[in-house]
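S.K.: Below is one structure. I have some questions about it.
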Amino acid sequence: MLTLCGFAASNYYNKVKLALLEKGVPFAEEQIFPSSAEDTLKLTPMGKMPFLRTEGATLSESQPILDYLEEIHAQPPLYPGTPLGRAKCRELIQIIELYLEWPARRLYPQAFFGGSVSEETRTEVARALARAAKALARLTAFEPYAYGDTFSAADCAAVTHLPIIRSACKAVLGQDALADVPGLQAYLGRMSERPSVQRINEERKAGLEAF
């Protein structure tokens with residue numbers, strides 16, 4: 001059986017967990033927090049979460065894990081059926097993670113953990129997110145899903161990252177950096193009714209308290 005290692009407060013952990021749930025793949029969970037301890041680095045080279053225990057080995061980084069799951073459990077597919085479609089799906093995931101989630105992460109200490117960020121950081125993050133939000137809107141209108149007519153790996157990223165980004169922006173910047181992205185609000189409302197997403201959200205709340 002596959003074992004997903006990490007912690008439920010992590011959006012990247014939940015990205016993988018959502019893919020497992022949507023595919024109906026049996027899996028176990030093992031709570032492990034990021035660490036630079038040598039024992040952890042042997043399992044996940046950067047000490048980051050999540051990682052997957054599988055076939056007597058471990059695999060780290062959420063996107064390679066999703067791609068691996070698609071290889072070993074092809075049904076139901078989480079990527080389109082054409083090479084270009086699969087590439088466009090991954091393009092959207094990268095825009096979300098590299099240009100939205102990564103800059104927004106600089107706000108998380110103040111938004112979620114009682115810390116503070118400088119005015120300079122707020123300005124830099126707001127500028128980066130404004131540009132990335134426009135890029136996101138060029139790639140998707142979220143009708144009805146993040147990419148195409150069926151639930152995909154892009155939804156696993158969008159559902160787990162975008163609400164956290166919005167919450168962090170509201171808490172620290174006083175505004176939703178994604179407010180003008182067409183279709184996003186309605187999309188997140190539809191996704192919140194999905195049983196797999198409901199489970200992710202419920203367990204994330206409990207995990208955040210534990211973290």
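Here, A, B, ... name the chains of the structure tokens in the order displayed, residue numbers run from 1 inside each chain, and ligands are numbered from 1 in the same displayed order.
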Within 9 Å of range 18-22 of chain A, counting only C-alpha atoms, which residues show up once you throw out same-chain ones fewer than 2 positions away? Write them as an mmCIF file with N, CA and C atoms, in the first residue's frame, please.

M.R.:
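That gives us out-v3.cif:
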data_model
loop_
_atom_site.group_PDB
_atom_site.id
_atom_site.type_symbol
_atom_site.label_atom_id
_atom_site.label_comp_id
_atom_site.auth_asym_id
_atom_site.auth_seq_id
_atom_site.Cartn_x
_atom_site.Cartn_y
_atom_site.Cartn_z
ATOM 1 N N TYR A 13 0.791 18.682 0.625
ATOM 2 C CA TYR A 13 0.354 17.363 1.099
ATOM 3 C C TYR A 13 -1.073 17.104 0.637
ATOM 4 N N ASN A 14 -1.931 18.104 0.786
ATOM 5 C CA ASN A 14 -3.330 17.941 0.424
ATOM 6 C C ASN A 14 -3.539 17.871 -1.078
ATOM 7 N N LYS A 15 -2.661 18.475 -1.832
ATOM 8 C CA LYS A 15 -2.706 18.332 -3.295
ATOM 9 C C LYS A 15 -2.572 16.858 -3.677
ATOM 10 N N VAL A 16 -1.613 16.168 -3.089
ATOM 11 C CA VAL A 16 -1.406 14.749 -3.374
ATOM 12 C C VAL A 16 -2.541 13.915 -2.788
ATOM 13 N N GLY A 24 -9.357 7.064 -6.015
ATOM 14 C CA GLY A 24 -9.831 5.911 -5.263
ATOM 15 C C GLY A 24 -8.728 4.924 -4.935
ATOM 16 N N VAL A 25 -7.514 5.429 -4.780
ATOM 17 C CA VAL A 25 -6.364 4.567 -4.498
ATOM 18 C C VAL A 25 -6.242 4.348 -2.984
ATOM 19 N N PRO A 26 -6.177 3.117 -2.511
ATOM 20 C CA PRO A 26 -5.964 2.887 -1.079
ATOM 21 C C PRO A 26 -4.604 3.443 -0.646
ATOM 22 N N PHE A 27 -4.580 4.122 0.482
ATOM 23 C CA PHE A 27 -3.315 4.667 0.978
ATOM 24 C C PHE A 27 -3.393 4.846 2.483
ATOM 25 N N LEU A 66 2.295 13.251 -8.205
ATOM 26 C CA LEU A 66 1.076 13.188 -8.995
ATOM 27 C C LEU A 66 1.305 12.483 -10.322
ATOM 28 N N LEU A 69 1.540 8.765 -9.710
ATOM 29 C CA LEU A 69 0.221 8.173 -9.475
ATOM 30 C C LEU A 69 -0.531 7.958 -10.784
ATOM 31 N N PRO A 76 -9.349 6.768 -12.533
ATOM 32 C CA PRO A 76 -9.715 7.733 -13.564
ATOM 33 C C PRO A 76 -8.545 8.683 -13.834
ATOM 34 N N LEU A 78 -6.209 11.896 -14.378
ATOM 35 C CA LEU A 78 -6.165 13.272 -13.870
ATOM 36 C C LEU A 78 -5.439 14.199 -14.837
ATOM 37 N N PHE A 151 -12.524 16.901 -13.825
ATOM 38 C CA PHE A 151 -11.596 17.125 -12.719
ATOM 39 C C PHE A 151 -10.207 16.626 -13.121
ATOM 40 N N SER A 152 -9.173 17.432 -12.850
ATOM 41 C CA SER A 152 -7.815 17.081 -13.278
ATOM 42 C C SER A 152 -6.804 17.410 -12.191
ATOM 43 N N ALA A 153 -5.553 17.115 -12.494
ATOM 44 C CA ALA A 153 -4.465 17.460 -11.578
ATOM 45 C C ALA A 153 -4.414 18.956 -11.316
ATOM 46 N N CYS A 156 -6.464 19.644 -8.397
ATOM 47 C CA CYS A 156 -5.796 19.267 -7.143
ATOM 48 C C CYS A 156 -4.931 20.420 -6.633
ATOM 49 N N THR A 160 -6.373 23.296 -3.461
ATOM 50 C CA THR A 160 -5.590 23.291 -2.225
ATOM 51 C C THR A 160 -4.752 24.554 -2.036
ATOM 52 N N SER A 196 -14.454 14.627 -1.699
ATOM 53 C CA SER A 196 -13.011 14.559 -1.476
ATOM 54 C C SER A 196 -12.471 15.887 -0.957
ATOM 55 N N VAL A 197 -12.996 16.983 -1.481
ATOM 56 C CA VAL A 197 -12.552 18.312 -1.049
ATOM 57 C C VAL A 197 -13.044 18.598 0.361
ATOM 58 N N ARG A 199 -13.475 16.428 2.693
ATOM 59 C CA ARG A 199 -12.606 15.671 3.604
ATOM 60 C C ARG A 199 -11.263 16.383 3.777
ATOM 61 N N ILE A 200 -10.696 16.849 2.681
ATOM 62 C CA ILE A 200 -9.419 17.564 2.749
ATOM 63 C C ILE A 200 -9.537 18.781 3.661
#

S.K.: Tell me which protein, DNA and RNA residues are within 10 Å of Trp102 in chain A, counting only C-alpha atoms, leaving out same-chain ones fewer than 4 positions away, and put them as a PyMOL selection string.

M.R.: chain A and resi 95-98+106-107+125+128-129+161+165

S.K.: Among chain A, which ones does DSSP assign to alpha helix (DSSP H) (computed from the backbone)? Answer as a PyMOL selection string.

M.R.: chain A and resi 11-23+38-41+62-72+83-94+102-104+108-112+119-139+153-172+184-191+195-210

S.K.: Can you pull out every residue within 8 Å of Leu208 in chain A, counting only C-alpha atoms, but drop anything in the same chain fewer than 3 positions away, and send it as number ranges by chain?

M.R.: A: 8-9, 204-205, 211

S.K.: For Leu178 in chain A, which residue out of A:Ala130, A:Leu59, A:Gln198, A:Ala158 is the nearest one, using only C-alpha atoms?

M.R.: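 Among the listed residues, the smallest separation from Leu178 in chain A belongs to A:Ala130.
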
S.K.: Leaving out range 181-190 of chain A and any residue of its chain fewer than 5 positions from it, which residues lie within 7 Å of it when counting only C-alpha atoms, given as a list in words?

M.R.: Ala133, Ala137, Ala141, Phe142, Glu143, Pro144 and Val159 of chain A

S.K.: Interatomic distance between CA of Asp155 in chain A and CA of Phe33 in chain A?

M.R.: 24.8 Å

S.K.: Residues of range 2-211 of chain A classed as strand (DSSP E or B) by DSSP on the backbone are to be reported as a short mmCIF file (atom, residue, chain, number, x, y, z; two decimals) with N, CA and C atoms, in the first residue's frame.

M.R.:
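This went into selection_39.cif:
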data_model
loop_
_atom_site.label_atom_id
_atom_site.label_comp_id
_atom_site.auth_asym_id
_atom_site.auth_seq_id
_atom_site.Cartn_x
_atom_site.Cartn_y
_atom_site.Cartn_z
N LEU A 2 0.41 2.27 -0.67
CA LEU A 2 1.09 3.56 -0.67
C LEU A 2 0.92 4.23 0.69
N THR A 3 1.96 4.94 1.12
CA THR A 3 1.88 5.72 2.35
C THR A 3 2.25 7.15 2.05
N LEU A 4 1.33 8.06 2.30
CA LEU A 4 1.56 9.49 2.11
C LEU A 4 2.09 10.06 3.42
N CYS A 5 3.27 10.64 3.35
CA CYS A 5 3.94 11.14 4.54
C CYS A 5 3.98 12.67 4.52
N GLY A 6 3.66 13.26 5.65
CA GLY A 6 3.64 14.71 5.77
C GLY A 6 2.65 15.11 6.83
N PHE A 27 -4.58 4.12 0.48
CA PHE A 27 -3.31 4.67 0.98
C PHE A 27 -3.39 4.85 2.48
N ALA A 28 -2.23 4.82 3.10
CA ALA A 28 -2.11 5.12 4.52
C ALA A 28 -1.48 6.50 4.66
N GLU A 29 -1.58 7.07 5.84
CA GLU A 29 -0.98 8.36 6.12
C GLU A 29 -0.03 8.26 7.30
N GLU A 30 1.07 8.97 7.20
CA GLU A 30 2.06 9.00 8.28
C GLU A 30 2.43 10.45 8.54
N GLN A 31 2.15 10.92 9.75
CA GLN A 31 2.42 12.32 10.07
C GLN A 31 3.92 12.53 10.32
N PHE A 51 6.11 13.37 1.06
CA PHE A 51 6.78 12.36 0.24
C PHE A 51 5.94 11.09 0.31
N LEU A 52 6.21 10.19 -0.62
CA LEU A 52 5.41 8.98 -0.75
C LEU A 52 6.29 7.76 -0.55
N ARG A 53 5.84 6.85 0.30
CA ARG A 53 6.51 5.55 0.42
C ARG A 53 5.85 4.60 -0.58
N THR A 54 6.67 4.03 -1.46
CA THR A 54 6.13 3.15 -2.49
C THR A 54 7.20 2.23 -3.04
N ALA A 57 10.70 2.29 -1.81
CA ALA A 57 11.46 3.52 -1.98
C ALA A 57 10.60 4.70 -1.53
N THR A 58 11.17 5.89 -1.58
CA THR A 58 10.40 7.11 -1.31
C THR A 58 10.52 8.04 -2.49
N LEU A 59 9.47 8.84 -2.69
CA LEU A 59 9.41 9.81 -3.77
C LEU A 59 8.94 11.13 -3.19
N SER A 60 9.71 12.20 -3.41
CA SER A 60 9.36 13.51 -2.86
C SER A 60 8.93 14.47 -3.96
#

S.K.: Report, in Å to a single decimal, how far apart CA of Ala135 in chain A and CA of Leu173 in chain A are.

M.R.: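 Separation of CA of Leu173 in chain A and CA of Ala135 in chain A: 20.1 Å.
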
S.K.: Using only C-alpha atoms, pick whichever of A:Gly207, A:Thr140, A:Cys169, A:Tyr12 has the shortest atom-to-atom distance to Pro64 in chain A.

M.R.: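 The answer is A:Tyr12, which sits nearest to Pro64 in chain A.
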
S.K.: If I take CA of Glu91 in chain A and CA of Gln63 in chain A, how far is one from the other in Å, to one decimal?

M.R.: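 Answer for the CA of Glu91 in chain A to CA of Gln63 in chain A separation: 11.6 Å.
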